[in-house]
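Chemist: If you scroll down you'll find the structure; I have some questions about it.
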Amino acid sequence: MEKPTPSDPTIFSKIISKEIPADIVYEDDLCLAFKDIMPAAPIHILVIPKKPIARLIDATESDKALLGHLNLVAAQVANDAGIGDKFRLVMNNGAKAGQSVFHIHYHVIGGRSLQWPPG
Ligand code: 5GP
């Protein structure tokens with residue numbers, strides 16, 4: 001199983017440190033939410049923890065509150081974007097599941113009709 005080192009810096013570390021710009025829609029001490037650079041839908045926001053966890057499978061018991069917080073922030077940014085009653089929350093885990101940035105992130109997707117099951 002591919003396993004990047006959780007401390008490997010990713011592009012998201014540079015967004016957190018403001019070394020590279022992003023269209024930030026929400027920030028607090030624990031997390032950041034910003035618009036995806038290649039949106040898959042009219043609304044496509046990424047919600048990331050400031051703590052660099054490579055994949056969800058690498059999270060531990062000590063991350064429980066942080067993961068709960070990310071869910072609540074995802075719902076809040078969806079609501080603020082006007083899709084509070086019609087959005088999808090996705091987290092890809094591992095390259096074979098489509099993960100390309102190894103710093104966990106929720107995709108908040110909406111603003112168009114969403115098919116099920118996803119591809
Ligand atoms: P993944 O494929 O890991 O689930 O999702 C990574 C997401 O990050 C992709 O949707 C991709 O478009 C987005 N992304 C990658 N690099 C950047 C960047 O530099 N800025 C922003 N805003 N999004 C990025």
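Labels used: A, B, ... for chains in the order of the structure tokens, numbers from 1 for residues in each chain, and numbers from 1 for ligands as shown.
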Counting only C-alpha atoms and all ligand atoms, what residues are within 8 Å of ligand 1, given as JSON, numbers by chain?

Modeler: {"A": [11, 12, 15, 20, 21, 22, 23, 34, 35, 36, 37, 38, 39, 40, 46, 90, 91, 92, 93, 95, 98, 99, 100, 101, 102, 103, 104, 105, 106, 107]}

Chemist: Please save N, CA, C and O atoms of the selected residues as a CSV table (one decimal), in the first residue's frame.

Modeler:
chain,number,residue,atom,x,y,z
A,11,ILE,N,1.2,20.8,-1.6
A,11,ILE,CA,0.8,22.2,-2.0
A,11,ILE,C,-0.1,22.8,-1.0
A,11,ILE,O,-0.2,24.0,-0.8
A,12,PHE,N,-0.9,22.0,-0.3
A,12,PHE,CA,-1.8,22.5,0.7
A,12,PHE,C,-1.1,23.2,1.9
A,12,PHE,O,-1.6,24.1,2.5
A,15,ILE,N,-0.5,26.6,0.9
A,15,ILE,CA,-1.7,27.4,0.9
A,15,ILE,C,-2.0,27.8,2.4
A,15,ILE,O,-2.4,28.9,2.6
A,20,ILE,N,1.4,30.3,-1.3
A,20,ILE,CA,0.8,30.4,-2.6
A,20,ILE,C,-0.7,30.8,-2.3
A,20,ILE,O,-1.3,30.4,-1.3
A,21,PRO,N,-1.3,31.6,-3.3
A,21,PRO,CA,-2.6,32.1,-3.0
A,21,PRO,C,-3.7,31.0,-3.2
A,21,PRO,O,-3.5,30.1,-4.0
A,22,ALA,N,-4.8,31.3,-2.6
A,22,ALA,CA,-6.0,30.4,-2.8
A,22,ALA,C,-7.2,31.3,-2.5
A,22,ALA,O,-7.1,32.3,-1.8
A,23,ASP,N,-8.3,31.0,-3.0
A,23,ASP,CA,-9.6,31.7,-2.8
A,23,ASP,C,-10.2,31.2,-1.5
A,23,ASP,O,-11.0,30.2,-1.6
A,34,PHE,N,-11.2,26.5,1.0
A,34,PHE,CA,-10.9,27.4,-0.2
A,34,PHE,C,-11.4,26.7,-1.5
A,34,PHE,O,-11.7,25.5,-1.5
A,35,LYS,N,-11.6,27.5,-2.5
A,35,LYS,CA,-12.2,27.0,-3.7
A,35,LYS,C,-11.2,26.1,-4.5
A,35,LYS,O,-10.0,26.5,-4.6
A,36,ASP,N,-11.7,25.0,-5.0
A,36,ASP,CA,-10.8,24.1,-5.8
A,36,ASP,C,-10.4,24.8,-7.1
A,36,ASP,O,-11.2,25.5,-7.7
A,37,ILE,N,-9.1,24.6,-7.4
A,37,ILE,CA,-8.6,25.3,-8.6
A,37,ILE,C,-9.1,24.7,-9.9
A,37,ILE,O,-9.1,25.4,-10.9
A,38,MET,N,-9.6,23.5,-9.9
A,38,MET,CA,-10.2,22.8,-11.0
A,38,MET,C,-11.6,22.3,-10.6
A,38,MET,O,-11.7,21.1,-10.4
A,39,PRO,N,-12.5,23.2,-10.5
A,39,PRO,CA,-13.8,22.8,-10.0
A,39,PRO,C,-14.5,21.7,-10.8
A,39,PRO,O,-14.6,21.8,-12.0
A,40,ALA,N,-15.1,20.7,-10.1
A,40,ALA,CA,-15.8,19.6,-10.7
A,40,ALA,C,-17.3,20.0,-10.7
A,40,ALA,O,-18.1,19.2,-11.2
A,46,LEU,N,-12.7,23.0,-1.0
A,46,LEU,CA,-11.9,22.0,-0.2
A,46,LEU,C,-11.8,22.5,1.2
A,46,LEU,O,-11.6,23.7,1.5
A,90,VAL,N,-17.0,14.6,-0.1
A,90,VAL,CA,-16.2,13.4,-0.5
A,90,VAL,C,-14.8,13.6,0.0
A,90,VAL,O,-14.2,14.7,0.0
A,91,MET,N,-14.3,12.5,0.5
A,91,MET,CA,-12.8,12.4,0.8
A,91,MET,C,-12.2,11.2,0.2
A,91,MET,O,-12.6,10.1,0.5
A,92,ASN,N,-11.3,11.4,-0.8
A,92,ASN,CA,-10.6,10.3,-1.4
A,92,ASN,C,-9.5,9.9,-0.5
A,92,ASN,O,-8.8,10.7,0.0
A,93,ASN,N,-9.3,8.6,-0.4
A,93,ASN,CA,-8.3,8.0,0.5
A,93,ASN,C,-7.4,7.1,-0.3
A,93,ASN,O,-7.8,6.0,-0.7
A,95,ALA,N,-4.1,6.9,-3.6
A,95,ALA,CA,-4.0,7.2,-5.0
A,95,ALA,C,-5.0,6.4,-5.8
A,95,ALA,O,-5.6,6.9,-6.8
A,98,GLY,N,-8.3,7.9,-6.1
A,98,GLY,CA,-8.4,9.2,-6.7
A,98,GLY,C,-7.7,10.3,-5.9
A,98,GLY,O,-7.8,11.5,-6.3
A,99,GLN,N,-7.1,10.0,-4.7
A,99,GLN,CA,-6.4,11.1,-4.0
A,99,GLN,C,-5.1,11.5,-4.7
A,99,GLN,O,-4.3,10.6,-5.0
A,100,SER,N,-5.0,12.8,-4.9
A,100,SER,CA,-3.8,13.3,-5.6
A,100,SER,C,-2.9,14.2,-4.7
A,100,SER,O,-1.8,14.4,-4.9
A,101,VAL,N,-3.6,14.8,-3.6
A,101,VAL,CA,-2.8,15.6,-2.7
A,101,VAL,C,-2.9,14.9,-1.3
A,101,VAL,O,-4.0,14.7,-0.8
A,102,PHE,N,-1.7,14.6,-0.8
A,102,PHE,CA,-1.7,13.7,0.4
A,102,PHE,C,-1.6,14.6,1.7
A,102,PHE,O,-0.7,14.6,2.4
A,103,HIS,N,-2.7,15.3,1.8
A,103,HIS,CA,-3.0,16.1,3.0
A,103,HIS,C,-4.6,16.1,3.0
A,103,HIS,O,-5.2,16.6,2.1
A,104,ILE,N,-5.1,15.4,4.0
A,104,ILE,CA,-6.6,15.1,3.9
A,104,ILE,C,-7.4,16.4,3.6
A,104,ILE,O,-7.1,17.4,4.1
A,105,HIS,N,-8.5,16.1,2.9
A,105,HIS,CA,-9.4,17.2,2.5
A,105,HIS,C,-10.7,16.7,2.1
A,105,HIS,O,-10.8,15.6,1.5
A,106,TYR,N,-11.7,17.4,2.6
A,106,TYR,CA,-13.1,17.2,2.1
A,106,TYR,C,-13.3,18.0,0.8
A,106,TYR,O,-13.0,19.2,0.8
A,107,HIS,N,-13.9,17.4,-0.2
A,107,HIS,CA,-14.5,18.1,-1.3
A,107,HIS,C,-15.9,18.4,-0.9
A,107,HIS,O,-16.7,17.5,-0.6

Chemist: Name the residues in contact with Val73 of chain A at a cut-off of 10 Å, using only C-alpha atoms, excluding same-chain residues fewer than 6 positions from it; report them as a list in words.

Modeler: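 The neighbour list is Tyr26, Glu27, Asp28, Cys31, Leu32, Ala33, Val47, Ile48, Leu67 and Asn79 of chain A.
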
Chemist: Keeping only all heavy atoms, write the selected residues as an mmCIF file, in the first residue's frame.

Modeler:
data_model
loop_
_atom_site.group_PDB
_atom_site.id
_atom_site.type_symbol
_atom_site.label_atom_id
_atom_site.label_comp_id
_atom_site.auth_asym_id
_atom_site.auth_seq_id
_atom_site.Cartn_x
_atom_site.Cartn_y
_atom_site.Cartn_z
ATOM 1 N N TYR A 26 -13.142 30.309 4.250
ATOM 2 C CA TYR A 26 -13.289 30.160 5.709
ATOM 3 C C TYR A 26 -11.928 29.783 6.288
ATOM 4 O O TYR A 26 -11.177 29.014 5.685
ATOM 5 C CB TYR A 26 -14.302 29.053 6.050
ATOM 6 C CG TYR A 26 -14.415 28.811 7.537
ATOM 7 C CD1 TYR A 26 -15.303 29.551 8.314
ATOM 8 C CD2 TYR A 26 -13.598 27.868 8.178
ATOM 9 C CE1 TYR A 26 -15.373 29.360 9.691
ATOM 10 C CE2 TYR A 26 -13.666 27.676 9.543
ATOM 11 C CZ TYR A 26 -14.555 28.425 10.300
ATOM 12 O OH TYR A 26 -14.619 28.238 11.656
ATOM 13 N N GLU A 27 -11.634 30.328 7.463
ATOM 14 C CA GLU A 27 -10.404 29.935 8.167
ATOM 15 C C GLU A 27 -10.615 30.068 9.661
ATOM 16 O O GLU A 27 -11.255 31.015 10.139
ATOM 17 C CB GLU A 27 -9.234 30.835 7.731
ATOM 18 C CG GLU A 27 -7.919 30.471 8.438
ATOM 19 C CD GLU A 27 -6.686 31.150 7.837
ATOM 20 O OE1 GLU A 27 -6.848 32.119 7.046
ATOM 21 O OE2 GLU A 27 -5.575 30.709 8.163
ATOM 22 N N ASP A 28 -10.090 29.103 10.405
ATOM 23 C CA ASP A 28 -10.014 29.244 11.858
ATOM 24 C C ASP A 28 -8.695 28.614 12.309
ATOM 25 O O ASP A 28 -7.834 28.299 11.479
ATOM 26 C CB ASP A 28 -11.261 28.648 12.554
ATOM 27 C CG ASP A 28 -11.413 27.144 12.362
ATOM 28 O OD1 ASP A 28 -10.388 26.457 12.115
ATOM 29 O OD2 ASP A 28 -12.548 26.635 12.466
ATOM 30 N N CYS A 31 -8.533 24.824 10.784
ATOM 31 C CA CYS A 31 -8.761 24.424 9.391
ATOM 32 C C CYS A 31 -8.911 25.609 8.454
ATOM 33 O O CYS A 31 -8.989 26.769 8.888
ATOM 34 C CB CYS A 31 -9.978 23.503 9.302
ATOM 35 S SG CYS A 31 -11.544 24.334 9.551
ATOM 36 N N LEU A 32 -8.935 25.257 7.179
ATOM 37 C CA LEU A 32 -9.023 26.249 6.109
ATOM 38 C C LEU A 32 -9.965 25.678 5.046
ATOM 39 O O LEU A 32 -9.942 24.475 4.782
ATOM 40 C CB LEU A 32 -7.613 26.402 5.530
ATOM 41 C CG LEU A 32 -7.266 27.553 4.622
ATOM 42 C CD1 LEU A 32 -7.384 28.875 5.373
ATOM 43 C CD2 LEU A 32 -5.832 27.383 4.116
ATOM 44 N N ALA A 33 -10.760 26.548 4.439
ATOM 45 C CA ALA A 33 -11.608 26.124 3.313
ATOM 46 C C ALA A 33 -11.369 27.088 2.162
ATOM 47 O O ALA A 33 -11.346 28.313 2.355
ATOM 48 C CB ALA A 33 -13.079 26.118 3.716
ATOM 49 N N VAL A 47 -12.026 21.549 2.148
ATOM 50 C CA VAL A 47 -11.897 21.845 3.582
ATOM 51 C C VAL A 47 -10.761 20.988 4.111
ATOM 52 O O VAL A 47 -10.811 19.750 4.009
ATOM 53 C CB VAL A 47 -13.200 21.529 4.344
ATOM 54 C CG1 VAL A 47 -13.044 21.880 5.825
ATOM 55 C CG2 VAL A 47 -14.383 22.276 3.740
ATOM 56 N N ILE A 48 -9.717 21.639 4.638
ATOM 57 C CA ILE A 48 -8.518 20.910 5.065
ATOM 58 C C ILE A 48 -8.163 21.274 6.506
ATOM 59 O O ILE A 48 -8.384 22.408 6.934
ATOM 60 C CB ILE A 48 -7.314 21.212 4.133
ATOM 61 C CG1 ILE A 48 -6.779 22.633 4.334
ATOM 62 C CG2 ILE A 48 -7.691 21.009 2.675
ATOM 63 C CD1 ILE A 48 -5.479 22.920 3.584
ATOM 64 N N LEU A 67 -11.522 15.886 13.179
ATOM 65 C CA LEU A 67 -12.316 15.342 12.073
ATOM 66 C C LEU A 67 -13.780 15.752 12.200
ATOM 67 O O LEU A 67 -14.439 16.064 11.196
ATOM 68 C CB LEU A 67 -12.174 13.821 12.004
ATOM 69 C CG LEU A 67 -10.763 13.325 11.660
ATOM 70 C CD1 LEU A 67 -10.675 11.808 11.799
ATOM 71 C CD2 LEU A 67 -10.356 13.747 10.252
ATOM 72 N N ASN A 79 -23.491 25.699 3.394
ATOM 73 C CA ASN A 79 -24.637 26.561 3.675
ATOM 74 C C ASN A 79 -24.359 27.990 3.234
ATOM 75 O O ASN A 79 -25.196 28.629 2.588
ATOM 76 C CB ASN A 79 -24.938 26.505 5.174
ATOM 77 C CG ASN A 79 -26.376 26.821 5.472
ATOM 78 O OD1 ASN A 79 -27.270 26.444 4.726
ATOM 79 N ND2 ASN A 79 -26.607 27.548 6.554
#

Chemist: For Ile43 of chain A, which residue out of A:Lys86, A:His69, A:Lys14, A:Lys64 is the nearest one, using only C-alpha atoms?

Modeler: A:Lys86

Chemist: Based on the backbone DSSP call, show me all residues of chain A assigned helix (DSSP H, G or I), as a ChimeraX atom specification.

Modeler: /A:11-16,56-58,61-80,95-97

Chemist: Please identify all polymer residues within 8 Å of Gly110 of chain A, counting only C-alpha atoms, omitting same-chain residues fewer than 2 positions from it, and present them as a PyMOL selection string.

Modeler: chain A and resi 41-44+83+86-88+108+112-114
